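K.L.:
Next up, coords.pdb (PDB, C-alpha atoms).
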ATOM      1  CA  MET K   1      -5.180  57.934  13.232
ATOM      2  CA  LYS K   2      -3.212  58.935  10.163
ATOM      3  CA  ASN K   3      -4.397  62.330   8.983
ATOM      4  CA  LEU K   4      -1.600  63.207   6.571
ATOM      5  CA  THR K   5      -0.470  61.773   3.235
ATOM      6  CA  VAL K   6       2.900  62.430   1.628
ATOM      7  CA  ILE K   7       2.837  62.296  -2.176
ATOM      8  CA  PHE K   8       5.859  62.295  -4.448
ATOM      9  CA  THR K   9       6.614  61.183  -7.985
ATOM     10  CA  THR K  10       9.146  58.716  -9.269
ATOM     11  CA  TYR K  11      10.306  57.445 -12.638
ATOM     12  CA  ASN K  12      12.890  54.670 -12.955
ATOM     13  CA  SER K  13      14.981  55.931 -10.031
ATOM     14  CA  PRO K  14      14.920  53.059  -7.528
ATOM     15  CA  ALA K  15      18.090  54.181  -5.735
ATOM     16  CA  TRP K  16      16.647  57.644  -5.067
ATOM     17  CA  LEU K  17      13.285  56.144  -4.155
ATOM     18  CA  GLU K  18      14.917  54.023  -1.488
ATOM     19  CA  LYS K  19      16.832  57.003  -0.039
ATOM     20  CA  VAL K  20      13.681  59.127   0.137
ATOM     21  CA  LEU K  21      11.715  56.328   1.809
ATOM     22  CA  TRP K  22      14.486  55.802   4.393
ATOM     23  CA  GLY K  23      14.238  59.529   5.132
ATOM     24  CA  PHE K  24      10.519  59.212   5.768
ATOM     25  CA  SER K  25      11.053  56.158   7.953
ATOM     26  CA  CYS K  26      13.099  58.376  10.312
ATOM     27  CA  GLN K  27      10.435  61.060  10.805
ATOM     28  CA  ARG K  28       9.687  62.210  14.365
ATOM     29  CA  PHE K  29       6.027  62.612  13.345
ATOM     30  CA  ASP K  30       4.888  59.177  12.287
ATOM     31  CA  ALA K  31       1.129  59.464  11.699
ATOM     32  CA  PHE K  32       1.304  59.586   7.912
ATOM     33  CA  LYS K  33       0.856  57.519   4.780
ATOM     34  CA  ILE K  34       2.911  57.665   1.610
ATOM     35  CA  ILE K  35       1.659  57.572  -1.950
ATOM     36  CA  VAL K  36       4.319  57.077  -4.598
ATOM     37  CA  ALA K  37       3.041  58.497  -7.891
ATOM     38  CA  ASP K  38       4.874  56.443 -10.498
ATOM     39  CA  ASP K  39       5.031  57.835 -14.042
ATOM     40  CA  GLY K  40       5.669  54.480 -15.719
ATOM     41  CA  SER K  41       8.672  52.907 -13.983
ATOM     42  CA  GLY K  42       9.685  49.312 -14.564
ATOM     43  CA  PRO K  43       9.350  46.409 -12.119
ATOM     44  CA  GLU K  44      12.475  47.381 -10.143
ATOM     45  CA  THR K  45      10.516  50.265  -8.574
ATOM     46  CA  ALA K  46       7.728  47.953  -7.385
ATOM     47  CA  GLU K  47      10.362  45.634  -5.898
ATOM     48  CA  VAL K  48      11.916  48.507  -3.917
ATOM     49  CA  LEU K  49       8.496  49.545  -2.624
ATOM     50  CA  GLU K  50       7.631  46.016  -1.514
ATOM     51  CA  ARG K  51      10.973  45.622   0.259
ATOM     52  CA  MET K  52      10.717  49.023   1.951
ATOM     53  CA  ARG K  53       7.189  48.233   3.190
ATOM     54  CA  ALA K  54       8.551  45.082   4.812
ATOM     55  CA  GLU K  55      11.694  46.686   6.246
ATOM     56  CA  THR K  56      10.124  49.883   7.601
ATOM     57  CA  GLY K  57       6.506  48.961   8.314
ATOM     58  CA  MET K  58       5.399  52.180   6.616
ATOM     59  CA  GLU K  59       2.097  52.405   4.801
ATOM     60  CA  ILE K  60       3.166  52.952   1.188
ATOM     61  CA  GLN K  61       0.715  53.003  -1.694
ATOM     62  CA  HIS K  62       1.962  52.676  -5.271
ATOM     63  CA  VAL K  63      -0.066  54.518  -7.924
ATOM     64  CA  TRP K  64       1.296  53.640 -11.365
ATOM     65  CA  GLN K  65       0.532  54.657 -14.922
ATOM     66  CA  ARG K  66       1.877  53.308 -18.211
ATOM     67  CA  ASP K  67       4.984  55.058 -19.553
ATOM     68  CA  ASP K  68       3.760  57.340 -22.317
ATOM     69  CA  GLY K  69       6.213  60.212 -22.030
ATOM     70  CA  PHE K  70       6.467  62.805 -19.275
ATOM     71  CA  ARG K  71       3.064  62.921 -17.543
ATOM     72  CA  LYS K  72       3.983  63.992 -14.025
ATOM     73  CA  CYS K  73       0.891  66.148 -13.485
ATOM     74  CA  ARG K  74      -1.415  63.340 -14.590
ATOM     75  CA  ILE K  75       0.057  60.816 -12.153
ATOM     76  CA  LEU K  76      -0.006  63.394  -9.343
ATOM     77  CA  ASN K  77      -3.714  63.919  -9.981
ATOM     78  CA  LYS K  78      -4.269  60.151  -9.836
ATOM     79  CA  ALA K  79      -2.364  59.979  -6.546
ATOM     80  CA  ILE K  80      -4.464  62.792  -5.079
ATOM     81  CA  LEU K  81      -7.606  60.815  -5.911
ATOM     82  CA  HIS K  82      -6.221  57.890  -3.875
ATOM     83  CA  ALA K  83      -5.491  60.017  -0.802
ATOM     84  CA  GLN K  84      -8.010  59.699   2.033
ATOM     85  CA  THR K  85      -6.543  62.054   4.619
ATOM     86  CA  ASP K  86      -7.281  65.680   5.470
ATOM     87  CA  TYR K  87      -3.785  66.930   4.668
ATOM     88  CA  LEU K  88      -1.492  66.318   1.702
ATOM     89  CA  VAL K  89       2.226  67.065   1.645
ATOM     90  CA  PHE K  90       3.962  67.133  -1.738
ATOM     91  CA  THR K  91       7.670  66.641  -2.252
ATOM     92  CA  ASP K  92       9.958  65.361  -4.988
ATOM     93  CA  GLY K  93      11.271  61.855  -5.532
ATOM     94  CA  ASP K  94      14.874  63.002  -5.106
ATOM     95  CA  CYS K  95      14.469  65.009  -1.880
ATOM     96  CA  ILE K  96      15.526  63.152   1.249
ATOM     97  CA  PRO K  97      13.544  64.664   4.146
ATOM     98  CA  ARG K  98      15.080  65.756   7.431
ATOM     99  CA  GLU K  99      13.721  63.965  10.479
ATOM    100  CA  ASP K 100      11.580  67.016  11.359
ATOM    101  CA  PHE K 101      10.162  67.565   7.850
ATOM    102  CA  LEU K 102       6.603  66.497   8.689
ATOM    103  CA  GLN K 103       6.672  67.803  12.233
TER     104      GLN K 103
END
Kindly transcribe the structure held in the file into structure tokens.
P.N.:
Amino acid sequence: MKNLTVIFTTYNSPAWLEKVLWGFSCQRFDAFKIIVADDGSGPETAEVLERMRAETGMEIQHVWQRDDGFRKCRILNKAILHAQTDYLVFTDGDCIPREDFLQ
């Protein structure tokens, strides 16, 4: 059972998004979900998420809001509302986690 959700934001940074997701795919602890809180990125971000779901098998949820300026806190709050686990871990969309980050 997955009892932990990782939440991080992104905004039009598909290269960084892919690096961060590869980092999470290498975690020793693997009972987690990911919610990507997207502050208005274009379609390239959704394409990366779809590809990474297929390539890694990770459970990745995409919570998106329309681009209306910097609204990071608002999209984080939306992502929190989508989480259904007991524990939430927050990180940034440009931080590649070590393999023991969630452990």
K.L.:
Run through the PyMOL selection byres ((chain K and resi 102) around 9) on the given coordinates and return the selected residues as a list in words.
P.N.:
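Taken on the displayed file, the PyMOL selection byres ((chain K and resi 102) around 9) yields the residues Val6, Phe24, Gln27, Arg28, Phe29, Asp30, Phe32, Val89, Pro97, Arg98, Glu99, Asp100, Phe101 and Gln103 of chain K.
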K.L.:
Counting all atoms listed in the file, which residue out of K:Ala54, K:Leu76, K:Ala83, K:Leu49 sits closest to Lys33 of chain K?
P.N.:
K:Ala83
K.L.:
Please write the residues picked by the PyMOL selection byres ((chain K and resi 43) around 12) on this file as an MDAnalysis selection string.
P.N.:
chainID K and resid 11:14 38 40:42 44:50 62 64 66
K.L.:
Which residues, named as in the file, does the PyMOL selection byres ((chain K and resi 84) around 10) pick out? Answer as a list in words.
P.N.:
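In the shown coordinates, the PyMOL selection byres ((chain K and resi 84) around 10) covers Lys2, Asn3, Leu4, Thr5, Lys33, Ile80, Leu81, His82, Ala83, Thr85, Asp86, Tyr87 and Leu88 of chain K.
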K.L.:
Quick one: residues within 7 Å of Val63 of chain K, only C-alpha atoms counted, chain neighbours fewer than 4 positions away excluded, as a list of chain:residue names?
P.N.:
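These residues fall inside the cut-off: K:Ile35, K:Val36, K:Ala37, K:Asp38, K:Ala79.
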K.L.:
Using only C-alpha atoms, which of K:Asp92, K:Glu55, K:Asp39, K:Glu18 sits nearest Lys72 of chain K?
P.N.:
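Going through K:Asp92, K:Glu55, K:Asp39, K:Glu18 one by one, the smallest distance to Lys72 of chain K is for K:Asp39.
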K.L.:
Between atom CA of Arg74 of chain K and atom CA of Cys26 of chain K, what is the distance, to one decimal in Å?
P.N.:
29.2 Å
K.L.:
In Å, how far is it from atom CA of Ile34 of chain K to atom CA of Glu59 of chain K?
P.N.:
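These two atoms are separated by 6.2 Å.
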K.L.:
Between atom CA of Val20 of chain K and atom CA of Met58 of chain K, what is the spacing in Å?
P.N.:
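Separating atom CA of Met58 of chain K from atom CA of Val20 of chain K is a distance of 12.6 Å.
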K.L.:
Pick from K:Phe90, K:Thr10, K:Cys95, K:Leu21: nearest to Met52 of chain K, with all atoms listed in the file counted?
P.N.:
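Result for the nearest residue to Met52 of chain K: K:Leu21.
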